[in-house]
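The structure appears below as structure tokens.
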Amino acid sequence: HKRNILPDQMKVEQKLIQTEEKLEILKQQEKQSNDPNIHIFSPHLLFEKSTKTLKYNGETIKLTRQQQQLLVAFCNAPENTCSINDLCNLVWKGCTVEENTIQQAISRLNITLKPLGLYIQYEFKDSYKLMFIEN
């Protein structure tokens, strides 16, 4: 009674292809991680600061101009934390804005970011922090 080795062989080949794909992603990440213009949140999620492009699994996520500016501010900030004052200066260019306006802008951005595993959280002392949450 001969055993059919074809299914096993196919499994091995599929695994090999998956491993090669992962390796290619890691090579791209390594190249990008040396680029200060690219902020990598996960193997699937990165943000190019110069073009203000958020990519998830290679697809561009649509962001408003204000959302792009907010994301740039957080990506450039130490520990991805911005004070309300920082946000006023970086996003609203020093204009006087109500704290409520900032909260609403961040809330709208969170609606886009949450499914991708990102979240902007209010921190103590009037600041916000951009965080990556593993799904």
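Residue numbers start at 1 in each chain; chains themselves are named A, B, ... in the order of the structure tokens; ligands are numbered from 1 in the order shown.
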
Exercise for review: Find the residues near A:Val72: any atom within 8 Å, counting only C-alpha atoms, skip ones fewer than 4 places away on the same chain, and give them as a VMD selection string.
Suggested key: chain A and resid 49 52 68 76

Would you mind exporting the chosen residues as a compact mmCIF listing (two decimals), in the first residue's frame, restricted to N, CA, C and O atoms?
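Result file is part_34.txt:
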```txt
# COMPACT_ATOMS: atom_id res chain seq x y z
N LYS A 49 6.88 59.68 7.49
CA LYS A 49 6.65 61.05 7.94
C LYS A 49 6.72 62.06 6.80
O LYS A 49 5.93 63.01 6.77
N LYS A 52 3.65 61.65 4.86
CA LYS A 52 2.51 61.55 5.78
C LYS A 52 1.58 60.40 5.38
O LYS A 52 0.37 60.52 5.37
N GLN A 68 -2.93 63.57 9.62
CA GLN A 68 -1.54 63.37 9.22
C GLN A 68 -0.62 64.21 10.11
O GLN A 68 0.40 63.71 10.60
N ASN A 76 7.24 62.12 16.00
CA ASN A 76 8.46 62.88 16.23
C ASN A 76 8.72 63.15 17.71
O ASN A 76 9.82 63.52 18.09
```

**Study point:** Nearby residues (only C-alpha atoms) at most 10 Å from A:Leu116, same-chain spacing under 5 positions excluded, as a list in words
**Key:** Phe41, Ser42, His44, Leu45, Lys55, Tyr56, Asn57, Ile61, Asn110, Ile111, Phe132, Ile133, Glu134 and Asn135 of chain A

Point to revise | Residues of chain A in alpha helix (DSSP H), written as a ChimeraX atom specification | key: /A:6-33,65-76,84-90,99-113

Could you turn the residues from that selection into a file that holds C-alpha atoms, as a PDB file, in the first residue's frame?
```
ATOM      1  CA  LEU A   6       2.161  14.771  -2.305  1.00  0.00           C
ATOM      2  CA  PRO A   7       0.103  16.481   0.463  1.00  0.00           C
ATOM      3  CA  ASP A   8       3.119  16.471   2.815  1.00  0.00           C
ATOM      4  CA  GLN A   9       5.359  17.847   0.102  1.00  0.00           C
ATOM      5  CA  MET A  10       2.831  20.594  -0.626  1.00  0.00           C
ATOM      6  CA  LYS A  11       2.697  21.543   3.077  1.00  0.00           C
ATOM      7  CA  VAL A  12       6.493  21.854   3.179  1.00  0.00           C
ATOM      8  CA  GLU A  13       6.487  24.003   0.039  1.00  0.00           C
ATOM      9  CA  GLN A  14       3.759  26.260   1.460  1.00  0.00           C
ATOM     10  CA  LYS A  15       5.735  26.678   4.684  1.00  0.00           C
ATOM     11  CA  LEU A  16       8.829  27.548   2.649  1.00  0.00           C
ATOM     12  CA  ILE A  17       6.931  30.197   0.674  1.00  0.00           C
ATOM     13  CA  GLN A  18       5.525  31.693   3.892  1.00  0.00           C
ATOM     14  CA  THR A  19       9.000  31.776   5.441  1.00  0.00           C
ATOM     15  CA  GLU A  20      10.437  33.471   2.347  1.00  0.00           C
ATOM     16  CA  GLU A  21       7.636  36.074   2.455  1.00  0.00           C
ATOM     17  CA  LYS A  22       8.328  36.787   6.143  1.00  0.00           C
ATOM     18  CA  LEU A  23      12.039  37.108   5.396  1.00  0.00           C
ATOM     19  CA  GLU A  24      11.312  39.622   2.627  1.00  0.00           C
ATOM     20  CA  ILE A  25       9.143  41.675   5.008  1.00  0.00           C
ATOM     21  CA  LEU A  26      11.936  41.630   7.599  1.00  0.00           C
ATOM     22  CA  LYS A  27      14.484  42.765   4.984  1.00  0.00           C
ATOM     23  CA  GLN A  28      12.210  45.666   4.026  1.00  0.00           C
ATOM     24  CA  GLN A  29      11.717  46.532   7.694  1.00  0.00           C
ATOM     25  CA  GLU A  30      15.443  46.503   8.350  1.00  0.00           C
ATOM     26  CA  LYS A  31      15.994  48.884   5.455  1.00  0.00           C
ATOM     27  CA  GLN A  32      13.180  51.112   6.713  1.00  0.00           C
ATOM     28  CA  SER A  33      14.207  50.977  10.375  1.00  0.00           C
ATOM     29  CA  ARG A  65      -4.541  66.608   6.688  1.00  0.00           C
ATOM     30  CA  GLN A  66      -5.109  67.260  10.379  1.00  0.00           C
ATOM     31  CA  GLN A  67      -4.800  63.528  11.171  1.00  0.00           C
ATOM     32  CA  GLN A  68      -1.535  63.375   9.216  1.00  0.00           C
ATOM     33  CA  GLN A  69      -0.173  66.344  11.182  1.00  0.00           C
ATOM     34  CA  LEU A  70      -1.218  64.775  14.491  1.00  0.00           C
ATOM     35  CA  LEU A  71       0.484  61.513  13.572  1.00  0.00           C
ATOM     36  CA  VAL A  72       3.684  63.324  12.545  1.00  0.00           C
ATOM     37  CA  ALA A  73       3.664  65.197  15.878  1.00  0.00           C
ATOM     38  CA  PHE A  74       3.339  61.959  17.876  1.00  0.00           C
ATOM     39  CA  CYS A  75       5.923  60.075  15.785  1.00  0.00           C
ATOM     40  CA  ASN A  76       8.464  62.884  16.231  1.00  0.00           C
ATOM     41  CA  ILE A  84      -1.577  69.843  24.566  1.00  0.00           C
ATOM     42  CA  ASN A  85       0.775  72.807  24.100  1.00  0.00           C
ATOM     43  CA  ASP A  86       2.958  70.799  21.655  1.00  0.00           C
ATOM     44  CA  LEU A  87      -0.122  69.841  19.654  1.00  0.00           C
ATOM     45  CA  CYS A  88      -1.313  73.472  19.513  1.00  0.00           C
ATOM     46  CA  ASN A  89       2.068  74.539  18.145  1.00  0.00           C
ATOM     47  CA  LEU A  90       2.619  71.628  15.744  1.00  0.00           C
ATOM     48  CA  GLU A  99      -8.930  71.634  24.641  1.00  0.00           C
ATOM     49  CA  ASN A 100     -12.239  70.159  23.428  1.00  0.00           C
ATOM     50  CA  THR A 101     -11.157  70.776  19.794  1.00  0.00           C
ATOM     51  CA  ILE A 102      -7.983  68.764  20.380  1.00  0.00           C
ATOM     52  CA  GLN A 103      -9.941  65.989  22.135  1.00  0.00           C
ATOM     53  CA  GLN A 104     -12.362  65.762  19.195  1.00  0.00           C
ATOM     54  CA  ALA A 105      -9.524  65.661  16.627  1.00  0.00           C
ATOM     55  CA  ILE A 106      -7.789  62.869  18.571  1.00  0.00           C
ATOM     56  CA  SER A 107     -11.078  61.020  18.980  1.00  0.00           C
ATOM     57  CA  ARG A 108     -11.659  61.105  15.196  1.00  0.00           C
ATOM     58  CA  LEU A 109      -8.104  59.907  14.575  1.00  0.00           C
ATOM     59  CA  ASN A 110      -8.575  57.059  17.084  1.00  0.00           C
ATOM     60  CA  ILE A 111     -11.583  55.799  15.093  1.00  0.00           C
ATOM     61  CA  THR A 112      -9.190  55.274  12.146  1.00  0.00           C
ATOM     62  CA  LEU A 113      -6.254  54.000  14.207  1.00  0.00           C
TER      63      LEU A 113
END
```

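The space between atom CA of A:Glu98 and atom CA of A:Lys62 spans 25.7 Å.
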
Select from stretch 41-77 of chain A everything DSSP, run on the backbone, classes as strand (DSSP E), then give the selection as an mmCIF file with N, CA, C and O atoms, in the first residue's frame.
```
data_model
loop_
_atom_site.group_PDB
_atom_site.id
_atom_site.type_symbol
_atom_site.label_atom_id
_atom_site.label_comp_id
_atom_site.auth_asym_id
_atom_site.auth_seq_id
_atom_site.Cartn_x
_atom_site.Cartn_y
_atom_site.Cartn_z
ATOM 1 N N PHE A 41 5.455 50.608 13.496
ATOM 2 C CA PHE A 41 4.700 50.197 14.682
ATOM 3 C C PHE A 41 4.686 48.681 14.809
ATOM 4 O O PHE A 41 4.718 48.147 15.903
ATOM 5 N N SER A 42 4.600 47.988 13.670
ATOM 6 C CA SER A 42 4.561 46.522 13.648
ATOM 7 C C SER A 42 4.977 46.082 12.246
ATOM 8 O O SER A 42 5.102 46.923 11.355
ATOM 9 N N LEU A 45 2.388 47.611 10.001
ATOM 10 C CA LEU A 45 1.947 48.992 10.125
ATOM 11 C C LEU A 45 3.129 49.945 10.214
ATOM 12 O O LEU A 45 3.959 49.818 11.106
ATOM 13 N N LEU A 46 3.191 50.871 9.261
ATOM 14 C CA LEU A 46 4.248 51.874 9.309
ATOM 15 C C LEU A 46 3.757 53.223 8.825
ATOM 16 O O LEU A 46 2.754 53.320 8.131
ATOM 17 N N PHE A 47 4.465 54.259 9.222
ATOM 18 C CA PHE A 47 4.095 55.625 8.868
ATOM 19 C C PHE A 47 5.312 56.328 8.282
ATOM 20 O O PHE A 47 6.360 56.378 8.912
ATOM 21 N N GLU A 48 5.158 56.829 7.054
ATOM 22 C CA GLU A 48 6.226 57.611 6.418
ATOM 23 C C GLU A 48 5.963 59.073 6.714
ATOM 24 O O GLU A 48 4.976 59.641 6.261
ATOM 25 N N THR A 53 2.196 59.251 5.042
ATOM 26 C CA THR A 53 1.449 58.088 4.582
ATOM 27 C C THR A 53 1.465 56.981 5.634
ATOM 28 O O THR A 53 2.532 56.530 6.040
ATOM 29 N N LEU A 54 0.269 56.554 6.038
ATOM 30 C CA LEU A 54 0.123 55.442 6.961
ATOM 31 C C LEU A 54 -0.206 54.216 6.125
ATOM 32 O O LEU A 54 -1.131 54.243 5.321
ATOM 33 N N LYS A 55 0.605 53.159 6.292
ATOM 34 C CA LYS A 55 0.374 51.941 5.514
ATOM 35 C C LYS A 55 0.128 50.763 6.436
ATOM 36 O O LYS A 55 0.861 50.550 7.392
ATOM 37 N N TYR A 56 -0.926 50.009 6.105
ATOM 38 C CA TYR A 56 -1.271 48.807 6.851
ATOM 39 C C TYR A 56 -1.302 47.661 5.852
ATOM 40 O O TYR A 56 -2.055 47.710 4.881
ATOM 41 N N GLU A 59 -1.209 48.619 2.267
ATOM 42 C CA GLU A 59 -2.261 49.490 1.751
ATOM 43 C C GLU A 59 -2.237 50.832 2.464
ATOM 44 O O GLU A 59 -2.063 50.894 3.676
ATOM 45 N N THR A 60 -2.429 51.906 1.711
ATOM 46 C CA THR A 60 -2.440 53.247 2.285
ATOM 47 C C THR A 60 -3.768 53.504 2.984
ATOM 48 O O THR A 60 -4.831 53.264 2.433
ATOM 49 N N ILE A 61 -3.676 53.996 4.220
ATOM 50 C CA ILE A 61 -4.865 54.325 5.009
ATOM 51 C C ILE A 61 -5.172 55.806 4.798
ATOM 52 O O ILE A 61 -4.288 56.651 4.929
#
```

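When only C-alpha atoms are used to compute distances to A:Lys125, the closest of the residues A:Leu63, A:Ala77, A:Ile40, A:Cys82 turns out to be A:Cys82.
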
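One distance worth recording is that between atom CA of A:Asn80 and atom CA of A:Gln121, which is 10.7 Å.
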
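As for atom CA of A:Pro36 and atom CA of A:Pro78, they are spaced 13.4 Å apart.
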